[in-house]
$ cat model-v6.pdb   # PDB, C-alpha atoms
ATOM      1  CA  MET V 225      18.021  26.950 -19.535
ATOM      2  CA  HIS V 226      17.928  24.021 -17.121
ATOM      3  CA  PRO V 227      21.040  21.815 -16.947
ATOM      4  CA  LYS V 228      20.769  18.420 -18.598
ATOM      5  CA  PRO V 229      19.960  15.767 -15.963
ATOM      6  CA  PRO V 230      22.707  13.210 -15.357
ATOM      7  CA  ALA V 231      22.446   9.826 -17.032
ATOM      8  CA  ILE V 232      21.436   6.775 -15.014
ATOM      9  CA  ARG V 233      24.138   4.133 -14.676
ATOM     10  CA  ARG V 234      23.481   0.469 -13.871
ATOM     11  CA  GLN V 235      25.811  -2.029 -12.184
ATOM     12  CA  PHE V 236      25.998  -5.107  -9.972
ATOM     13  CA  VAL V 237      27.817  -5.054  -6.649
ATOM     14  CA  ALA V 238      29.196  -8.214  -5.016
ATOM     15  CA  THR V 239      27.970  -8.983  -1.469
ATOM     16  CA  SER V 240      27.972 -11.960   0.886
ATOM     17  CA  ALA V 241      24.457 -12.820  -0.348
ATOM     18  CA  GLY V 242      25.339 -12.519  -4.035
ATOM     19  CA  PRO V 243      25.229  -9.674  -6.555
ATOM     20  CA  LEU V 244      22.948  -6.724  -5.793
ATOM     21  CA  HIS V 245      21.778  -4.450  -8.584
ATOM     22  CA  LEU V 246      22.316  -0.715  -8.288
ATOM     23  CA  ALA V 247      21.267   2.278 -10.381
ATOM     24  CA  SER V 248      22.979   5.632  -9.873
ATOM     25  CA  ALA V 249      23.149   9.154 -11.216
ATOM     26  CA  GLY V 250      25.317  12.171 -10.567
ATOM     27  CA  GLU V 251      28.419  12.884  -8.528
ATOM     28  CA  GLY V 252      29.118  14.304  -5.099
ATOM     29  CA  PHE V 253      28.037  13.304  -1.620
ATOM     30  CA  PRO V 254      26.354   9.851  -1.763
ATOM     31  CA  VAL V 255      22.626   9.439  -1.144
ATOM     32  CA  LEU V 256      21.491   5.810  -0.861
ATOM     33  CA  LEU V 257      17.846   5.135  -1.792
ATOM     34  CA  LEU V 258      15.967   2.049  -0.541
ATOM     35  CA  HIS V 259      12.635   0.995  -2.026
ATOM     36  CA  GLN V 260       9.393  -0.405  -0.628
ATOM     37  CA  THR V 261       8.046  -3.950  -1.038
ATOM     38  CA  PRO V 262       7.747  -5.281  -3.737
ATOM     39  CA  ARG V 263       9.341  -2.527  -5.789
ATOM     40  CA  SER V 264      12.878  -2.036  -7.089
ATOM     41  CA  TRP V 265      15.188   0.835  -8.029
ATOM     42  CA  ASP V 266      12.472   1.760 -10.540
ATOM     43  CA  GLU V 267      10.543   3.369  -7.665
ATOM     44  CA  PHE V 268      13.237   6.075  -7.783
ATOM     45  CA  ARG V 269      13.658   6.118 -11.567
ATOM     46  CA  ASP V 270      12.482   9.727 -11.819
ATOM     47  CA  VAL V 271      14.037  10.789  -8.509
ATOM     48  CA  LEU V 272      17.579   9.697  -9.394
ATOM     49  CA  PRO V 273      18.271  12.351 -12.089
ATOM     50  CA  LEU V 274      16.832  15.071  -9.849
ATOM     51  CA  LEU V 275      18.986  14.194  -6.844
ATOM     52  CA  GLY V 276      21.851  13.456  -9.227
ATOM     53  CA  GLN V 277      22.110  17.113 -10.196
ATOM     54  CA  ARG V 278      23.567  17.783  -6.747
ATOM     55  CA  TYR V 279      24.471  14.396  -5.239
ATOM     56  CA  ARG V 280      25.687  10.918  -6.104
ATOM     57  CA  ALA V 281      22.291   9.253  -5.928
ATOM     58  CA  LEU V 282      22.251   5.448  -5.684
ATOM     59  CA  ALA V 283      19.092   3.316  -5.775
ATOM     60  CA  LEU V 284      19.642  -0.245  -4.606
ATOM     61  CA  ASP V 285      17.553  -3.308  -5.427
ATOM     62  CA  THR V 286      17.137  -5.064  -2.086
ATOM     63  CA  ALA V 287      18.065  -8.768  -2.126
ATOM     64  CA  GLY V 288      15.093 -10.702  -3.497
ATOM     65  CA  PHE V 289      13.752  -7.765  -5.534
ATOM     66  CA  GLY V 290      14.371  -6.212  -8.926
ATOM     67  CA  ASP V 291      17.516  -7.575 -10.555
ATOM     68  CA  SER V 292      19.311  -8.465  -7.307
ATOM     69  CA  CYS V 293      20.129 -11.995  -6.163
ATOM     70  CA  ARG V 294      17.375 -14.134  -4.642
ATOM     71  CA  PRO V 295      18.293 -15.777  -1.331
ATOM     72  CA  ALA V 296      15.886 -18.290   0.212
ATOM     73  CA  LEU V 297      12.909 -16.750   2.008
ATOM     74  CA  HIS V 298      14.164 -17.683   5.471
ATOM     75  CA  GLU V 299      17.402 -15.764   4.898
ATOM     76  CA  HIS V 300      15.687 -12.376   4.726
ATOM     77  CA  SER V 301      15.428  -9.945   7.623
ATOM     78  CA  ILE V 302      15.640  -6.198   8.074
ATOM     79  CA  GLU V 303      18.962  -6.677   9.845
ATOM     80  CA  ARG V 304      20.318  -8.702   6.908
ATOM     81  CA  TRP V 305      19.134  -6.154   4.377
ATOM     82  CA  ALA V 306      20.824  -3.396   6.369
ATOM     83  CA  GLN V 307      24.046  -5.404   6.536
ATOM     84  CA  LEU V 308      24.001  -5.948   2.770
ATOM     85  CA  ALA V 309      23.444  -2.237   2.126
ATOM     86  CA  VAL V 310      26.537  -1.463   4.213
ATOM     87  CA  GLU V 311      28.452  -4.114   2.235
ATOM     88  CA  VAL V 312      27.482  -2.269  -0.946
ATOM     89  CA  MET V 313      28.807   0.952   0.572
ATOM     90  CA  ASP V 314      32.037  -0.859   1.420
ATOM     91  CA  GLN V 315      32.437  -2.194  -2.102
ATOM     92  CA  LEU V 316      31.860   1.286  -3.539
ATOM     93  CA  GLU V 317      34.294   2.786  -0.992
ATOM     94  CA  ILE V 318      31.595   4.980   0.499
ATOM     95  CA  GLY V 319      32.477   5.765   4.080
ATOM     96  CA  LYS V 320      29.358   7.746   4.935
ATOM     97  CA  ALA V 321      26.127   8.470   3.099
ATOM     98  CA  ALA V 322      22.709   9.987   3.522
ATOM     99  CA  VAL V 323      20.225   7.096   3.575
ATOM    100  CA  VAL V 324      16.699   7.551   2.234
ATOM    101  CA  GLY V 325      14.102   4.795   2.532
ATOM    102  CA  HIS V 326      10.446   4.513   1.573
ATOM    103  CA  HIS V 327       8.052   2.141   3.419
ATOM    104  CA  THR V 328      10.068  -1.119   3.736
ATOM    105  CA  GLY V 329      13.139   0.822   2.676
ATOM    106  CA  ALA V 330      12.560   3.261   5.527
ATOM    107  CA  VAL V 331      12.634   0.408   8.038
ATOM    108  CA  THR V 332      15.891  -0.873   6.532
ATOM    109  CA  ALA V 333      17.315   2.661   6.556
ATOM    110  CA  MET V 334      16.432   2.959  10.234
ATOM    111  CA  GLU V 335      18.293  -0.259  11.001
ATOM    112  CA  ILE V 336      21.370   0.944   9.109
ATOM    113  CA  ALA V 337      21.367   4.098  11.233
ATOM    114  CA  ALA V 338      20.947   2.045  14.419
ATOM    115  CA  ALA V 339      23.522  -0.650  13.592
ATOM    116  CA  ALA V 340      26.147   1.463  11.811
ATOM    117  CA  PRO V 341      25.718   5.051  13.033
ATOM    118  CA  ASP V 342      29.144   6.085  11.775
ATOM    119  CA  ARG V 343      28.051   5.311   8.197
ATOM    120  CA  VAL V 344      24.919   7.496   8.159
ATOM    121  CA  ALA V 345      25.311  11.250   7.787
ATOM    122  CA  ALA V 346      21.577  11.876   7.530
ATOM    123  CA  LEU V 347      18.416   9.795   7.440
ATOM    124  CA  VAL V 348      15.126  10.249   5.568
ATOM    125  CA  LEU V 349      12.314   7.929   6.632
ATOM    126  CA  SER V 350       9.542   8.185   4.053
ATOM    127  CA  SER V 351       6.190   6.568   4.902
ATOM    128  CA  CYS V 352       7.776   4.555   7.682
ATOM    129  CA  PRO V 353       5.474   2.274   9.700
ATOM    130  CA  PHE V 354       5.888   1.877  13.443
ATOM    131  CA  ASN V 355       6.297  -1.824  14.069
ATOM    132  CA  ASP V 356       6.052  -2.877  17.723
ATOM    133  CA  ALA V 357       4.739  -5.873  19.646
ATOM    134  CA  ALA V 358       1.135  -4.692  19.364
ATOM    135  CA  ARG V 359       1.347  -4.356  15.588
ATOM    136  CA  ARG V 360       3.100  -7.705  15.215
ATOM    137  CA  THR V 361       0.351  -9.379  17.236
ATOM    138  CA  ALA V 362      -2.412  -7.631  15.309
ATOM    139  CA  HIS V 363      -1.002  -8.693  11.940
ATOM    140  CA  ALA V 364       0.388 -12.134  12.849
ATOM    141  CA  GLY V 365      -0.746 -14.761  10.361
ATOM    142  CA  LYS V 366      -2.829 -12.319   8.338
ATOM    143  CA  ARG V 367      -2.687 -12.137   4.564
ATOM    144  CA  THR V 368      -0.523  -9.293   3.294
ATOM    145  CA  ILE V 369      -1.776  -6.914   0.639
ATOM    146  CA  ASP V 370       0.371  -8.560  -2.051
ATOM    147  CA  ASP V 371      -0.362 -12.169  -1.047
ATOM    148  CA  VAL V 372      -2.166 -13.235  -4.214
ATOM    149  CA  PRO V 373      -1.902 -16.916  -5.223
ATOM    150  CA  VAL V 374      -0.828 -17.457  -8.826
ATOM    151  CA  ARG V 375      -3.651 -18.689 -11.051
ATOM    152  CA  GLU V 376      -3.334 -20.414 -14.410
ATOM    153  CA  ASP V 377      -5.620 -17.924 -16.152
ATOM    154  CA  GLY V 378      -3.583 -14.951 -14.964
ATOM    155  CA  GLY V 379      -6.420 -13.714 -12.781
ATOM    156  CA  HIS V 380      -3.977 -13.122  -9.946
ATOM    157  CA  LEU V 381      -2.542 -10.148 -11.848
ATOM    158  CA  GLN V 382      -5.956  -8.489 -11.992
ATOM    159  CA  GLU V 383      -6.512  -9.221  -8.310
ATOM    160  CA  LEU V 384      -3.119  -7.744  -7.413
ATOM    161  CA  TRP V 385      -3.909  -4.645  -9.500
ATOM    162  CA  GLN V 386      -7.289  -4.231  -7.818
ATOM    163  CA  ARG V 387      -5.887  -4.720  -4.298
ATOM    164  CA  ARG V 388      -3.348  -1.930  -4.873
ATOM    165  CA  GLN V 389      -5.492   0.403  -6.968
ATOM    166  CA  PRO V 390      -7.169   2.287  -4.066
ATOM    167  CA  TYR V 391      -3.759   3.454  -2.854
ATOM    168  CA  TYR V 392      -2.688   4.893  -6.222
ATOM    169  CA  PRO V 393      -3.800   8.084  -8.000
ATOM    170  CA  ALA V 394      -7.068   7.538  -9.862
ATOM    171  CA  GLY V 395      -6.527   6.636 -13.495
ATOM    172  CA  ASP V 396      -2.720   6.407 -13.284
ATOM    173  CA  THR V 397      -2.244   3.081 -15.036
ATOM    174  CA  ASP V 398       1.452   3.792 -15.634
ATOM    175  CA  LEU V 399       2.305   3.779 -11.923
ATOM    176  CA  LEU V 400       0.298   0.610 -11.348
ATOM    177  CA  SER V 401       1.927  -1.061 -14.349
ATOM    178  CA  ARG V 402       5.367  -0.296 -12.936
ATOM    179  CA  PHE V 403       4.245  -1.809  -9.638
ATOM    180  CA  ILE V 404       2.940  -4.962 -11.353
ATOM    181  CA  VAL V 405       6.221  -5.491 -13.229
ATOM    182  CA  ASP V 406       8.176  -5.352  -9.968
ATOM    183  CA  ALA V 407       5.674  -7.575  -8.146
ATOM    184  CA  ILE V 408       5.913 -10.261 -10.847
ATOM    185  CA  LYS V 409       9.698 -10.118 -10.697
ATOM    186  CA  ALA V 410       9.691 -10.448  -6.913
ATOM    187  CA  GLY V 411       7.550 -13.600  -6.950
ATOM    188  CA  PRO V 412       7.044 -14.906  -3.374
ATOM    189  CA  MET V 413       8.996 -11.950  -1.986
ATOM    190  CA  ALA V 414       6.143  -9.644  -3.042
ATOM    191  CA  SER V 415       4.253 -10.925  -0.020
ATOM    192  CA  HIS V 416       7.154 -12.077   2.157
ATOM    193  CA  GLY V 417       8.789  -8.644   2.170
ATOM    194  CA  HIS V 418       5.861  -7.387   4.247
ATOM    195  CA  VAL V 419       6.357 -10.279   6.682
ATOM    196  CA  VAL V 420      10.028  -9.320   7.031
ATOM    197  CA  VAL V 421       8.964  -5.826   8.118
ATOM    198  CA  ARG V 422       6.372  -7.291  10.485
ATOM    199  CA  ASN V 423       9.046  -9.400  12.210
ATOM    200  CA  TYR V 424      11.379  -6.465  12.883
ATOM    201  CA  LEU V 425      11.687  -5.422  16.540
ATOM    202  CA  MET V 426      11.577  -1.731  15.788
ATOM    203  CA  GLU V 427      10.778  -0.701  19.333
ATOM    204  CA  GLU V 428      14.192  -2.051  20.396
ATOM    205  CA  ARG V 429      16.104  -0.257  17.636
ATOM    206  CA  ILE V 430      14.544   3.127  16.920
ATOM    207  CA  GLY V 431      15.979   4.673  20.091
ATOM    208  CA  LEU V 432      19.497   3.968  18.796
ATOM    209  CA  VAL V 433      19.119   6.341  15.843
ATOM    210  CA  ARG V 434      21.352   9.377  16.271
ATOM    211  CA  ALA V 435      21.600  10.709  12.710
ATOM    212  CA  PRO V 436      19.808  13.924  11.747
ATOM    213  CA  THR V 437      16.447  12.587  10.593
ATOM    214  CA  LEU V 438      13.600  13.743   8.380
ATOM    215  CA  VAL V 439      10.354  11.824   8.829
ATOM    216  CA  LEU V 440       8.572  12.330   5.515
ATOM    217  CA  ARG V 441       4.860  11.601   5.694
ATOM    218  CA  ALA V 442       2.588  10.953   2.697
ATOM    219  CA  GLY V 443      -0.686  12.593   3.668
ATOM    220  CA  ARG V 444      -2.880  10.183   1.692
ATOM    221  CA  ASP V 445      -1.124   6.957   2.675
ATOM    222  CA  PRO V 446      -3.406   5.207   5.178
ATOM    223  CA  HIS V 447      -0.819   2.500   5.890
ATOM    224  CA  ALA V 448       1.957   4.826   7.070
ATOM    225  CA  ALA V 449       0.646   8.368   7.636
ATOM    226  CA  PRO V 450      -0.814   7.561  11.083
ATOM    227  CA  TYR V 451       2.663   6.621  12.342
ATOM    228  CA  GLY V 452       4.485   9.804  11.291
ATOM    229  CA  GLU V 453       4.258  11.647  14.583
ATOM    230  CA  ARG V 454       5.109   8.554  16.611
ATOM    231  CA  ILE V 455       8.217   7.895  14.519
ATOM    232  CA  ALA V 456       9.312  11.521  14.828
ATOM    233  CA  GLN V 457       8.764  11.559  18.599
ATOM    234  CA  ALA V 458      10.855   8.405  19.023
ATOM    235  CA  ILE V 459      13.905   9.881  17.245
ATOM    236  CA  ALA V 460      15.469  12.742  19.170
ATOM    237  CA  GLY V 461      15.744  15.952  17.179
ATOM    238  CA  SER V 462      13.976  14.601  14.099
ATOM    239  CA  ARG V 463      11.854  16.752  11.803
ATOM    240  CA  LEU V 464       8.410  15.793  10.491
ATOM    241  CA  GLN V 465       7.268  16.978   7.067
ATOM    242  CA  THR V 466       4.043  16.053   5.292
ATOM    243  CA  LEU V 467       3.487  16.007   1.531
ATOM    244  CA  GLU V 468      -0.283  16.249   1.679
ATOM    245  CA  GLU V 469      -1.031  14.659  -1.706
ATOM    246  CA  GLY V 470       1.461  11.850  -1.268
ATOM    247  CA  MET V 471       0.147   8.291  -1.547
ATOM    248  CA  VAL V 472       1.708   4.827  -1.195
ATOM    249  CA  PRO V 473       3.857   5.300  -4.344
ATOM    250  CA  MET V 474       5.030   8.788  -3.298
ATOM    251  CA  PRO V 475       8.577   8.739  -4.815
ATOM    252  CA  ASP V 476       7.338   7.829  -8.297
ATOM    253  CA  GLN V 477       3.955   9.542  -7.867
ATOM    254  CA  MET V 478       5.507  12.950  -7.165
ATOM    255  CA  PRO V 479       9.265  12.707  -7.824
ATOM    256  CA  GLU V 480       9.883  16.468  -7.980
ATOM    257  CA  GLN V 481       8.306  17.159  -4.584
ATOM    258  CA  PHE V 482       9.941  14.088  -3.056
ATOM    259  CA  ALA V 483      13.394  14.998  -4.370
ATOM    260  CA  GLN V 484      13.000  18.614  -3.274
ATOM    261  CA  ALA V 485      12.042  17.598   0.269
ATOM    262  CA  VAL V 486      15.102  15.346   0.467
ATOM    263  CA  MET V 487      17.483  17.942  -0.959
ATOM    264  CA  THR V 488      16.193  20.769   1.221
ATOM    265  CA  PHE V 489      16.734  18.614   4.315
ATOM    266  CA  LEU V 490      20.189  17.439   3.250
ATOM    267  CA  GLN V 491      21.308  21.006   2.554
ATOM    268  CA  ARG V 492      20.483  21.845   6.171
ATOM    269  CA  VAL V 493      22.272  18.942   7.827
ATOM    270  CA  CYS V 494      25.076  17.711   5.539
TER     271      CYS V 494
END

$ encode --input "model-v6.pdb" --output "C-alpha cells"
Amino acid sequence: MHPKPPAIRRQFVATSAGPLHLASAGEGFPVLLLHQTPRSWDEFRDVLPLLGQRYRALALDTAGFGDSCRPALHEHSIERWAQLAVEVMDQLEIGKAAVVGHHTGAVTAMEIAAAAPDRVAALVLSSCPFNDAARRTAHAGKRTIDDVPVREDGGHLQELWQRRQPYYPAGDTDLLSRFIVDAIKAGPMASHGHVVVRNYLMEERIGLVRAPTLVLRAGRDPHAAPYGERIAQAIAGSRLQTLEEGMVPMPDQMPEQFAQAVMTFLQRVC
C-alpha cells in the first residue's frame, strides 16, 4: 500500500515587495520550486505531494504572478525575483535549500545560486534558456509568445490558447486551461515576464554557480531543449538529463517523471 501523499498547505509570506503566495507539502529538507512565465505554483500542483513524501517542497508564486503581490512592471528583474525568493527563505527560517526552477524559474534559480551560493545546496535547472547578448539582440523589440492584446469579444483568449497549443500535448485541454487561468491572472506580466528573462545578463552570472547542478532538458521543448548542453557546459560539474517526451509544461505534463528526476538527483548530492 502506498503512503498517503501529504496535504498541500497555502500561506502568504511578507517580503519587501509585499506578500508572496506559497504552497507547500511535506517535511524535511526544503526544496524551493520556481515556475515559468506566466504560470504560478499550480505548475507544480501535482509535483508537490510527490516531492513532499521525502522533502519539504515549497512552490512560490513569483511577484506579479498567481496570488502574489503585483509590483509595477518596471520593478521586475531576475535579480529582484531572486532577492525576494531569498527573503521568503529568511522569513521561513530556511538557511539552505535545493532550488528547482522551470523555464523563467530556472533563470531565477540560477541567479539565486550565483548571488547567494551559501543558500543553495543543490540546483535543478529545468528547460533553462541560455540568454546572452546575441539572444537579447535577436529578440529585442519582438512580440513575446504571450503578448496578446485584450479584445472586447474575448478573442484574445482563443488567440492565446492557439499560440500555446503547439507546445502542449495534443488534446490535453486540462493543461491548457490551467495555463489560461494563470495567464489571465498575470495580466500584463504574462508577456512582460518573458521580457524580464530577455533582459537578464546570464553570460555574466552563470559562471558564478557553484552548487551541484542538474540541467533537466525537455526533449520536445523547442524553446529550451537546444540550450541544454550549453547550460551544462557552462556550469562546472553539472549533469545533463533529458526527459525525451517532455514539452513546455513538463512539470505538470509529467509530474511523476519530473519529481523522480529531481529526487534521484537530490539523493545523490544532498

$ resolve_selection --input "model-v6.pdb" --expression "the PyMOL selection byres ((chain V and resi 445-462) around 10)" --output "number ranges by chain"
V: 327, 347-355, 391-392, 427, 430-444, 463-466, 468-474

$ resolve_selection --input "model-v6.pdb" --expression "the PyMOL selection byres ((chain V and resi 374) around 12)" --output "ChimeraX atom specification"
/V:370-373,375-384,407-408,411-412,414

$ write_last_selection --input "model-v6.pdb" --atoms "C-alpha atoms" --output "mmCIF file, in the coordinates of the input"
data_model
loop_
_atom_site.group_PDB
_atom_site.id
_atom_site.type_symbol
_atom_site.label_atom_id
_atom_site.label_comp_id
_atom_site.auth_asym_id
_atom_site.auth_seq_id
_atom_site.Cartn_x
_atom_site.Cartn_y
_atom_site.Cartn_z
ATOM 1 C CA ASP V 370 0.371 -8.560 -2.051
ATOM 2 C CA ASP V 371 -0.362 -12.169 -1.047
ATOM 3 C CA VAL V 372 -2.166 -13.235 -4.214
ATOM 4 C CA PRO V 373 -1.902 -16.916 -5.223
ATOM 5 C CA ARG V 375 -3.651 -18.689 -11.051
ATOM 6 C CA GLU V 376 -3.334 -20.414 -14.410
ATOM 7 C CA ASP V 377 -5.620 -17.924 -16.152
ATOM 8 C CA GLY V 378 -3.583 -14.951 -14.964
ATOM 9 C CA GLY V 379 -6.420 -13.714 -12.781
ATOM 10 C CA HIS V 380 -3.977 -13.122 -9.946
ATOM 11 C CA LEU V 381 -2.542 -10.148 -11.848
ATOM 12 C CA GLN V 382 -5.956 -8.489 -11.992
ATOM 13 C CA GLU V 383 -6.512 -9.221 -8.310
ATOM 14 C CA LEU V 384 -3.119 -7.744 -7.413
ATOM 15 C CA ALA V 407 5.674 -7.575 -8.146
ATOM 16 C CA ILE V 408 5.913 -10.261 -10.847
ATOM 17 C CA GLY V 411 7.550 -13.600 -6.950
ATOM 18 C CA PRO V 412 7.044 -14.906 -3.374
ATOM 19 C CA ALA V 414 6.143 -9.644 -3.042
#

$ resolve_selection --input "model-v6.pdb" --expression "the PyMOL selection byres ((chain V and resi 482) around 10)" --output "list in words"
Phe268, Val271, Leu274, Leu275, Ser350, Leu440, Ala442, Leu467, Gly470, Met474, Pro475, Asp476, Gln477, Met478, Pro479, Glu480, Gln481, Ala483, Gln484, Ala485, Val486 and Met487 of chain V

$ residues_around --input "model-v6.pdb" --residues "segment 276-283 of chain V" --least-positions-apart "6" --cutoff "7 Å" --atoms "all atoms listed in the file" --output "mmCIF file with C-alpha atoms, in the frame of the given file"
data_model
loop_
_atom_site.group_PDB
_atom_site.id
_atom_site.type_symbol
_atom_site.label_atom_id
_atom_site.label_comp_id
_atom_site.auth_asym_id
_atom_site.auth_seq_id
_atom_site.Cartn_x
_atom_site.Cartn_y
_atom_site.Cartn_z
ATOM 1 C CA PRO V 229 19.960 15.767 -15.963
ATOM 2 C CA PRO V 230 22.707 13.210 -15.357
ATOM 3 C CA LEU V 246 22.316 -0.715 -8.288
ATOM 4 C CA ALA V 247 21.267 2.278 -10.381
ATOM 5 C CA SER V 248 22.979 5.632 -9.873
ATOM 6 C CA ALA V 249 23.149 9.154 -11.216
ATOM 7 C CA GLY V 250 25.317 12.171 -10.567
ATOM 8 C CA GLU V 251 28.419 12.884 -8.528
ATOM 9 C CA GLY V 252 29.118 14.304 -5.099
ATOM 10 C CA PHE V 253 28.037 13.304 -1.620
ATOM 11 C CA PRO V 254 26.354 9.851 -1.763
ATOM 12 C CA VAL V 255 22.626 9.439 -1.144
ATOM 13 C CA LEU V 256 21.491 5.810 -0.861
ATOM 14 C CA LEU V 257 17.846 5.135 -1.792
ATOM 15 C CA LEU V 258 15.967 2.049 -0.541
ATOM 16 C CA TRP V 265 15.188 0.835 -8.029
ATOM 17 C CA PHE V 268 13.237 6.075 -7.783
#

$ closest_residue --input "model-v6.pdb" --among "V:Glu267, V:Arg492, V:Glu299, V:Arg429" --to "Ile404 of chain V" --atoms "all atoms listed in the file"
V:Glu267

$ closest_residue --input "model-v6.pdb" --among "V:Leu284, V:Val419, V:Leu400, V:Ala296" --to "Ala364 of chain V" --atoms "only C-alpha atoms"
V:Val419

$ closest_residue --input "model-v6.pdb" --among "V:Trp385, V:Gly325, V:Ala231, V:Pro243" --to "Thr397 of chain V" --atoms "only C-alpha atoms"
V:Trp385

$ closest_residue --input "model-v6.pdb" --among "V:Asp266, V:Cys293, V:Gly329, V:Pro273" --to "Lys228 of chain V" --atoms "all atoms listed in the file"
V:Pro273

$ closest_residue --input "model-v6.pdb" --among "V:Asp356, V:Asp270, V:Asp398, V:Glu303" --to "Met334 of chain V" --atoms "all atoms listed in the file"
V:Glu303

$ atom_distance --input "model-v6.pdb" --atom1 "atom CA of Arg387 of chain V" --atom2 "atom CA of Leu399 of chain V"
14.1 Å

$ atom_distance --input "model-v6.pdb" --atom1 "atom CA of Phe489 of chain V" --atom2 "atom CA of Tyr424 of chain V"
27.0 Å

$ axis_aligned_box --input "model-v6.pdb" --around "segment 309-315 of chain V" --padding-each-side "8 Å" --output "AutoDock Vina command-line options"
--center_x 27.9 --center_y -1.6 --center_z 1.1 --size_x 25.0 --size_y 21.1 --size_z 22.3

$ atom_distance --input "model-v6.pdb" --atom1 "atom CA of Phe289 of chain V" --atom2 "atom CA of Thr488 of chain V"
29.4 Å

$ closest_residue --input "model-v6.pdb" --among "V:His416, V:Lys320, V:Arg269, V:Arg360" --to "Asp342 of chain V" --atoms "all atoms listed in the file"
V:Lys320

$ residues_near_point --input "model-v6.pdb" --point "(19.1, -8.3, -10.2)" --cutoff "9 Å" --atoms "all atoms listed in the file" --output "list in words"
Phe236, Pro243, Leu244, His245, Leu246, Asp285, Thr286, Ala287, Gly288, Phe289, Gly290, Asp291, Ser292, Cys293 and Arg294 of chain V

$ build_atoms --input "model-v6.pdb" --residues "segment 393-398 of chain V" --atoms "all heavy atoms" --output "JSON list (two decimals), keeping the file's coordinate frame"
[["chain", "number", "residue", "atom", "x", "y", "z"],
["V", 393, "PRO", "N", -2.99, 7.01, -7.43],
["V", 393, "PRO", "CA", -3.80, 8.08, -8.00],
["V", 393, "PRO", "C", -4.80, 7.52, -9.01],
["V", 393, "PRO", "O", -4.46, 6.66, -9.82],
["V", 393, "PRO", "CB", -2.77, 8.99, -8.69],
["V", 393, "PRO", "CG", -1.48, 8.70, -7.98],
["V", 393, "PRO", "CD", -1.54, 7.26, -7.60],
["V", 394, "ALA", "N", -6.01, 8.02, -8.98],
["V", 394, "ALA", "CA", -7.07, 7.54, -9.86],
["V", 394, "ALA", "C", -6.66, 7.69, -11.32],
["V", 394, "ALA", "O", -6.21, 8.76, -11.75],
["V", 394, "ALA", "CB", -8.36, 8.31, -9.60],
["V", 395, "GLY", "N", -6.80, 6.61, -12.07],
["V", 395, "GLY", "CA", -6.53, 6.64, -13.50],
["V", 395, "GLY", "C", -5.07, 6.53, -13.89],
["V", 395, "GLY", "O", -4.76, 6.51, -15.09],
["V", 396, "ASP", "N", -4.15, 6.46, -12.94],
["V", 396, "ASP", "CA", -2.72, 6.41, -13.28],
["V", 396, "ASP", "C", -2.30, 4.96, -13.52],
["V", 396, "ASP", "O", -1.76, 4.29, -12.63],
["V", 396, "ASP", "CB", -1.88, 7.04, -12.17],
["V", 396, "ASP", "CG", -0.47, 7.38, -12.64],
["V", 396, "ASP", "OD1", 0.03, 6.68, -13.55],
["V", 396, "ASP", "OD2", 0.13, 8.34, -12.13],
["V", 397, "THR", "N", -2.57, 4.48, -14.71],
["V", 397, "THR", "CA", -2.24, 3.08, -15.04],
["V", 397, "THR", "C", -0.74, 2.87, -15.19],
["V", 397, "THR", "O", -0.26, 1.75, -15.02],
["V", 397, "THR", "CB", -2.96, 2.65, -16.32],
["V", 397, "THR", "OG1", -2.62, 3.54, -17.39],
["V", 397, "THR", "CG2", -4.48, 2.67, -16.12],
["V", 398, "ASP", "N", 0.01, 3.94, -15.49],
["V", 398, "ASP", "CA", 1.45, 3.79, -15.63],
["V", 398, "ASP", "C", 2.10, 3.41, -14.31],
["V", 398, "ASP", "O", 2.92, 2.48, -14.25],
["V", 398, "ASP", "CB", 2.07, 5.08, -16.16],
["V", 398, "ASP", "CG", 3.59, 4.98, -16.28],
["V", 398, "ASP", "OD1", 4.07, 4.15, -17.08],
["V", 398, "ASP", "OD2", 4.30, 5.71, -15.56]]
